[in-house]
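Novice: Below: one structure in structure tokens.
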Amino acid sequence: MCCRVPSSRALLPQLLRPQGGFWTGREARWGFLTSCRQRAGGADPQAPSLPSQARVVICGGGIVGTSVAYHLAKLGWTEVVLLEQGRLGAGTTRLCAGIVSVAKPISIECQMADYSNSLYLQLEQETGVSTGYVQTGSLCLAQNQDRFLSLKRLASRLRVMGISCSIMKPKDIAKLHPLVNIHDLVGALHLPGDAVISPPDVNRALAVAAAGQGVQILERTTVQQVVVEKGRVTAVETDRGSIQCQYFVNCAGQWGYELGQASEVKVSVPLHGCEHFYLLTKPLQDPLPASTPVVMDMDGRIYVRSWNGGLLSGGFEKNPKPIFTEGRNQLEIQNLQEDWDHFEPMLSALLRRMPAVQAAEIQQLVNCPEAFTPDMHCLMGESPGLQGYYVLAGMNSSGLALAGGAGRFLAEWMTYGYPTANVWPLDIKRFGNLQSSRTFLRHRVMEVMPLLYELKVPRWDFQTGRQLRTSPLFDRLDTQGARWMEKHGFERPKYFVPPGKDLLALDQSKTFYKPDWFDIVGEEVKCCKEAVCVVDMSSFTKFELSSSGDQALDLLQYLCSNDLDVPVGHVVHTGMLNQRGGYENDCSVVRLSKSSFFIISPTDQQVHCWSWIKKHMGEDQQLHLEDVSWKYTALNLIGPRAMDVLAELSYVPMTPEHFPSMFCKEMSVGYANGIRVMSMTHTGEPGFMLYIPIEYALHVYNEVMSVGQRFGVRNAGYYALRSLRVENFFAFWGSDLDGFTSPLEGGRESRVKLDKEMDFLGRDALLLQRHEGLYRRLVLLVLLDHDTELDLWPWWAEPVYRGSELVGSTSSSAYSYTLQRHLCMALVRPPGAPVTPDLLTPDLLTRAEYQVDIAGQRYTARAKLYPLSSTLAQQRPRPKDPLELSNLQGK
């Protein structure tokens, strides 16, 4: 392959040719925006005046910012101003590879990319601006069986959303792409709807459409500071003056982090830039048609698309190069320095995959920056600490594919107060300030970028940025064989490796089948059932809400669906709902005194729950909310002998007669005083939660383990907890429950005070739902013909069918060591169209036969609406016949 490359400066005009998917240098100048304005009937923007006020100011004129402006205008917003510090679309958008693919790791991103594809297809007709849209389709290649399985799982998930796709054999790949070497492939996923576009032209079309709806677009205007008053946005200061506004949207891409820090109240926008390389060739001897499918060879870490008769090929290397860690960033993105040595592994992968490219002449190696986030998903939503400040940034090299859908959802969020889909995996409130360290971000994005194409089996963990938040017991547990997982920066034990086991082999075990930790977790579960286990659950979010009078009670009565006016010492499981009746939070609340409450929420709710409560507190000076997560170590004692251990340590009877369920007492444990002991476990099993002031944590743990030796005590981790909670039908927020799932759909009507004539947030929606009937229901599916030893395991997001009709998908799953079967939670609806609530009766739900699709293979399942009974829990032998299992369940 000829590697004689002209200088970058000389080739830049060639790079911007529209026929190759880029705009020309002339169109990139101010004149292009002039033509936009003239078409929209506006004034010449050569010397536009800065408006003194606006409803919303958007910072960033790339494809993300123009998408937000476009969708706000479509939703009827007026007085929208978009500011760009350089030229419109002169950031990462200008050098984007132009691929729109729905092959994304999570469902919400697939949905966003699918919408983007549809939007870009119709933009040319709407605006008259050529967008270079070509529906090429794409091929995701698999060089090994594990990759092939991951593609099959993706295909099942895409079909749930109605996205066309098919699994192909190697010989079929060659029919679609003549250059692909198929000899080392085991198969591929074909996505016929994927496309390529000209990113700057799509950016231009969005700007034209937005300007036509009245959006003011101002180039060469730099945002210097966001002005804040009483916790909300009031103005934006620029190098050309100030704009009074109610809302601000940070779509600054590479500069999003710095822009967040420029606010009077600093906004955490955890992203970091890395260099991203792709190669351009001159036209091949037999030029590739523009409609040639995009190739994504993830095992080779490369992607390839046709470009002006030749090829554009880039990838995600194992050793990425972070950028922009010091000094002032570029005003506009230029082609960064070439690094052929760095690109060589990807070039070699390209030549292995397409040997015929060896004869092609290289035109240029493009090096452009991309912004990455700590978990490979973009950042969107309102800042938790600043009302009116929204963010849409950190697109992880998928900005083009996600921009349309992300812009739409953010515009809906700003308009209605919520988007029309569950975007929690992308919500900026999933992160806190702890993930904003520059060092953390630099190290994490060096791991994130290679992971975009890495094979990820279920339960994989990040390796960088670890031990950021730890329990006081971390070292103690680590020496006892704890294997760790990370949640919201907090280290949590997965399981404990017994002495004599190969720790290295377990750490490196990756599979879609039965995992190597299966027997270890089984022993922990058995101990929870028969003796007592200790689980460190210190990562849970913990707040204290207090007031001088009844204000704290009144606030919680409005925010919570369950009745919080209970005697002091009682524990209440409740949801915090939104106006739609969906869960914003699922928590346990303890009444500590007449006017103070202890709120326990999921780990990743720390920022979101705080923001939700503070938002509804308003400026009431009588209310005080404190995050006490760091003040308490939480130990979960699970099992029938837990009461014996605590009784011996506290000299207080712990039987149900003396310590009833869902009750809290402050008591001594060993030498330590002031321990909050609660008769609950978050799993449905008997036991207690101990909330221990951190200075006593090690003492209490040592005492529990010492005294517990006589009762068979052992450590356990979150994998055992998951098995127990799924078996007992304990739905968890973030997986089984979200902002669109109501307590009635989740089978939790008993936790709702609907019949007490009390007003609370979401009550009207629940009353309407109860009156009209349910259209879907959370069920527990028991897989009947699934072989745990030989078959692929279910994890989450598997399609659920009744007959030939799709009726839902799984939200979480676990192996039940008691039942010796796999269990899956799933929100299901009745089959048929239109869907009617009379088909969702308990009898019809539990009598129906379901199939769970795992990577294209369907397994029969039966549904339960309630936890497995205690009688069933005592059945140790595995039923041999599915009918026998059905009888055990009372079917």
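Chain labels run A, B, ... following the order of the structure tokens; each chain numbers its residues from 1, and ligands are numbered from 1 in the order shown.
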Report as a VMD selection string: the residues of stretch 648-775 of chain A with a DSSP assignment of alpha helix (DSSP H), based on the backbone of this structure.
Specialist: chain A and resid 648 to 650 697 to 707 718 to 727 763 to 772
Novice: Excluding stretch 121-126 of chain A and residues on its chain fewer than 2 positions from it, collect all residues at most 12 Å away from it, counting only C-alpha atoms, and give them as a VMD selection string.
Specialist: chain A and resid 67 70 100 114 to 119 128 to 135 193 to 198 201 to 210 212 404
Novice: What lies within 8 Å of A:Gly582 using only C-alpha atoms, ignoring chain neighbours under 2 positions off, as a CSV table (one decimal) with C-alpha atoms, in the first residue's frame?
Specialist:
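So around-v6.csv came out as:
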```
chain,number,residue,atom,x,y,z
A,577,LEU,CA,-43.1,9.0,41.8
A,578,ASN,CA,-43.3,11.6,39.0
A,579,GLN,CA,-46.5,13.0,37.6
A,580,ARG,CA,-46.9,10.0,35.3
A,584,GLU,CA,-38.1,8.5,40.2
A,738,ASP,CA,-37.9,3.3,36.1
A,739,GLY,CA,-39.6,6.6,35.5
A,740,PHE,CA,-42.2,4.9,33.2
A,741,THR,CA,-43.1,2.0,35.5
A,742,SER,CA,-45.8,2.5,38.1
A,743,PRO,CA,-46.3,0.7,41.4
A,762,GLY,CA,-48.3,10.8,40.8
```
Novice: Could you pull out all residues of stretch 673-827 of chain A with a DSSP call of strand (DSSP E) and give them as a count of residues only?
Specialist: 46
Novice: From the options A:Ser588, A:Gln606, A:Ser816, A:Gln111, which residue's atoms come nearest to A:Ser679, counting only C-alpha atoms?
Specialist: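 Checking each candidate against A:Ser679, we get A:Ser588 as the closest.
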Novice: Tell me which protein, DNA and RNA residues are within 8 Å of A:Val457, counting only C-alpha atoms, leaving out same-chain ones fewer than 5 positions away, and put them as a list in words.
Specialist: Ser150, Lys510, Thr511 and Phe512 of chain A
Novice: Got a sec: who's within 6 Å of stretch 83-96 of chain A, counting only C-alpha atoms, leaving out chain neighbours fewer than 4 positions off, as a list in words?
Specialist: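 Residues meeting the cut-off are Cys59, Gly60, Gly61, Gly62, Pro200, Leu218, Glu219, Arg220, Thr221, Thr222, Glu332 and Ile333 of chain A.
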Novice: If you count only C-alpha atoms, which residues fall within 10 Å of A:Thr420, apart from same-chain ones fewer than 5 positions away, as a PyMOL selection string?
Specialist: chain A and resi 408-410+412-413+740
Novice: Output all heavy atoms for every residue in that selection, as a PDB file, in the first residue's frame.
Specialist:
```
ATOM      1  N   ARG A 408     -33.677  15.398  20.142  1.00  0.00           N
ATOM      2  CA  ARG A 408     -35.138  15.297  20.329  1.00  0.00           C
ATOM      3  C   ARG A 408     -35.491  15.060  21.796  1.00  0.00           C
ATOM      4  O   ARG A 408     -36.359  15.744  22.350  1.00  0.00           O
ATOM      5  CB  ARG A 408     -35.670  14.141  19.479  1.00  0.00           C
ATOM      6  CG  ARG A 408     -37.113  13.767  19.782  1.00  0.00           C
ATOM      7  CD  ARG A 408     -37.466  12.411  19.212  1.00  0.00           C
ATOM      8  NE  ARG A 408     -38.718  11.920  19.754  1.00  0.00           N
ATOM      9  CZ  ARG A 408     -39.169  10.685  19.543  1.00  0.00           C
ATOM     10  NH1 ARG A 408     -38.470   9.839  18.813  1.00  0.00           N
ATOM     11  NH2 ARG A 408     -40.306  10.293  20.083  1.00  0.00           N
ATOM     12  N   PHE A 409     -34.810  14.090  22.440  1.00  0.00           N
ATOM     13  CA  PHE A 409     -35.143  13.768  23.828  1.00  0.00           C
ATOM     14  C   PHE A 409     -34.833  14.929  24.759  1.00  0.00           C
ATOM     15  O   PHE A 409     -35.576  15.192  25.709  1.00  0.00           O
ATOM     16  CB  PHE A 409     -34.408  12.509  24.276  1.00  0.00           C
ATOM     17  CG  PHE A 409     -34.960  11.242  23.691  1.00  0.00           C
ATOM     18  CD1 PHE A 409     -34.114  10.232  23.248  1.00  0.00           C
ATOM     19  CD2 PHE A 409     -36.331  11.046  23.580  1.00  0.00           C
ATOM     20  CE1 PHE A 409     -34.627   9.062  22.709  1.00  0.00           C
ATOM     21  CE2 PHE A 409     -36.846   9.879  23.037  1.00  0.00           C
ATOM     22  CZ  PHE A 409     -35.998   8.889  22.596  1.00  0.00           C
ATOM     23  N   LEU A 410     -33.734  15.640  24.506  1.00  0.00           N
ATOM     24  CA  LEU A 410     -33.421  16.779  25.368  1.00  0.00           C
ATOM     25  C   LEU A 410     -34.440  17.890  25.186  1.00  0.00           C
ATOM     26  O   LEU A 410     -34.854  18.530  26.158  1.00  0.00           O
ATOM     27  CB  LEU A 410     -32.012  17.301  25.081  1.00  0.00           C
ATOM     28  CG  LEU A 410     -31.539  18.320  26.116  1.00  0.00           C
ATOM     29  CD1 LEU A 410     -31.165  17.623  27.419  1.00  0.00           C
ATOM     30  CD2 LEU A 410     -30.366  19.141  25.601  1.00  0.00           C
ATOM     31  N   GLU A 412     -37.570  17.500  24.364  1.00  0.00           N
ATOM     32  CA  GLU A 412     -38.765  17.057  25.090  1.00  0.00           C
ATOM     33  C   GLU A 412     -38.593  17.265  26.590  1.00  0.00           C
ATOM     34  O   GLU A 412     -39.524  17.704  27.282  1.00  0.00           O
ATOM     35  CB  GLU A 412     -39.025  15.576  24.801  1.00  0.00           C
ATOM     36  CG  GLU A 412     -39.459  15.286  23.378  1.00  0.00           C
ATOM     37  CD  GLU A 412     -39.546  13.794  23.094  1.00  0.00           C
ATOM     38  OE1 GLU A 412     -39.027  12.988  23.895  1.00  0.00           O
ATOM     39  OE2 GLU A 412     -40.119  13.431  22.053  1.00  0.00           O
ATOM     40  N   TRP A 413     -37.415  16.945  27.090  1.00  0.00           N
ATOM     41  CA  TRP A 413     -37.110  17.093  28.511  1.00  0.00           C
ATOM     42  C   TRP A 413     -37.322  18.544  28.950  1.00  0.00           C
ATOM     43  O   TRP A 413     -37.934  18.823  29.988  1.00  0.00           O
ATOM     44  CB  TRP A 413     -35.658  16.679  28.745  1.00  0.00           C
ATOM     45  CG  TRP A 413     -35.315  16.206  30.114  1.00  0.00           C
ATOM     46  CD1 TRP A 413     -35.901  16.575  31.291  1.00  0.00           C
ATOM     47  CD2 TRP A 413     -34.289  15.269  30.459  1.00  0.00           C
ATOM     48  NE1 TRP A 413     -35.305  15.932  32.336  1.00  0.00           N
ATOM     49  CE2 TRP A 413     -34.313  15.124  31.862  1.00  0.00           C
ATOM     50  CE3 TRP A 413     -33.351  14.563  29.725  1.00  0.00           C
ATOM     51  CZ2 TRP A 413     -33.416  14.288  32.535  1.00  0.00           C
ATOM     52  CZ3 TRP A 413     -32.474  13.730  30.393  1.00  0.00           C
ATOM     53  CH2 TRP A 413     -32.506  13.594  31.777  1.00  0.00           C
ATOM     54  N   PHE A 740     -40.972   5.253  33.979  1.00  0.00           N
ATOM     55  CA  PHE A 740     -42.182   4.940  33.214  1.00  0.00           C
ATOM     56  C   PHE A 740     -42.902   3.715  33.765  1.00  0.00           C
ATOM     57  O   PHE A 740     -43.864   3.240  33.169  1.00  0.00           O
ATOM     58  CB  PHE A 740     -41.818   4.712  31.737  1.00  0.00           C
ATOM     59  CG  PHE A 740     -41.378   5.963  31.032  1.00  0.00           C
ATOM     60  CD1 PHE A 740     -40.054   6.374  31.086  1.00  0.00           C
ATOM     61  CD2 PHE A 740     -42.275   6.747  30.335  1.00  0.00           C
ATOM     62  CE1 PHE A 740     -39.634   7.526  30.457  1.00  0.00           C
ATOM     63  CE2 PHE A 740     -41.876   7.909  29.691  1.00  0.00           C
ATOM     64  CZ  PHE A 740     -40.559   8.303  29.750  1.00  0.00           C
TER      65      PHE A 740
END
```
Novice: Atom CA of A:Leu625 to atom CA of A:Leu556: how many Å, to one decimal?
Specialist: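 We find that atom CA of A:Leu625 and atom CA of A:Leu556 lie 11.8 Å from each other.
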Novice: Return the single residue from A:Asp764, A:Glu486, A:Asp554, A:Glu745 that is closest to A:Gln622, with distances computed using only C-alpha atoms.
Specialist: A:Asp554
Novice: May I ask which of the residues A:Ile302, A:Leu768, A:Val56, A:Cys609 is the closest one to A:Leu72, counting only C-alpha atoms?
Specialist: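 With only C-alpha atoms as the atom set, the closest residue is A:Val56.
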Novice: Please determine, counting only C-alpha atoms, which residue among A:Ala188, A:Ala403, A:Ala356, A:Ala642 has the shortest atom-to-atom distance to A:Glu685.
Specialist: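 Result for the nearest residue to A:Glu685: A:Ala642.
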Novice: Write out as a ChimeraX atom specification the residues lying within 12 Å of A:Val265, counting only C-alpha atoms and excluding same-chain residues fewer than 6 positions away.
Specialist: /A:225-234,259,383-387,389
Novice: Residues of the last selection are to be written out with C-alpha atoms, as a compact mmCIF listing (two decimals), in the first residue's frame.
Specialist:
```txt
# COMPACT_ATOMS: atom_id res chain seq x y z
CA GLN A 225 -19.66 32.54 31.94
CA VAL A 226 -23.14 31.37 32.88
CA VAL A 227 -24.67 33.74 35.43
CA VAL A 228 -26.61 32.18 38.32
CA GLU A 229 -29.05 33.61 40.82
CA LYS A 230 -30.73 31.62 43.61
CA GLY A 231 -29.72 28.30 42.08
CA ARG A 232 -30.93 28.87 38.54
CA VAL A 233 -29.63 30.25 35.25
CA THR A 234 -30.35 33.93 34.66
CA LEU A 259 -17.61 25.36 29.95
CA SER A 383 -27.58 19.70 35.95
CA PRO A 384 -28.40 18.45 39.46
CA GLY A 385 -27.22 21.60 41.19
CA LEU A 386 -28.35 24.31 38.81
CA GLN A 387 -31.90 24.70 37.50
CA TYR A 389 -28.67 24.36 32.97
```
Novice: Taking a cut-off of 8 Å and counting only C-alpha atoms, can you build a table that, for each residue of stretch 661-718 of chain A near stretch 472-480 of chain A, reports the nearest atom pair and how far apart they are in Å (one decimal), sorted by chain then residue number, as a Markdown table?
Specialist:
```
| residue | atom | partner | partner_atom | distance |
| --- | --- | --- | --- | --- |
| A:Ile694 | CA | A:Pro472 | CA | 6.9 |
| A:Ala697 | CA | A:Pro472 | CA | 6.6 |
| A:Leu698 | CA | A:Leu473 | CA | 6.2 |
```
Novice: Take the residues just selected and output them with C-alpha atoms as an mmCIF file, in the first residue's frame.
Specialist:
```cif
data_model
loop_
_atom_site.group_PDB
_atom_site.id
_atom_site.type_symbol
_atom_site.label_atom_id
_atom_site.label_comp_id
_atom_site.auth_asym_id
_atom_site.auth_seq_id
_atom_site.Cartn_x
_atom_site.Cartn_y
_atom_site.Cartn_z
ATOM 1 C CA ILE A 694 -17.901 4.526 60.339
ATOM 2 C CA ALA A 697 -17.379 -0.296 61.435
ATOM 3 C CA LEU A 698 -14.320 -2.516 61.834
#
```
Novice: Looking at A:Glu619, A:Phe431, A:Lys631, A:Leu455, which one is nearest to A:Asn144, with distances taken over only C-alpha atoms?
Specialist: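 The closest residue to A:Asn144 is A:Leu455.
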Novice: Can you work out which one of A:Met161, A:Met112, A:Met758, A:Cys378 has the shortest atom-to-atom distance to A:Val807, counting only C-alpha atoms?
Specialist: A:Met161
Novice: I'd like the interatomic distance between atom CA of A:Phe760 and atom CA of A:Asn562, to a tenth of an Å.
Specialist: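 Separating atom CA of A:Phe760 from atom CA of A:Asn562 is a distance of 9.0 Å.
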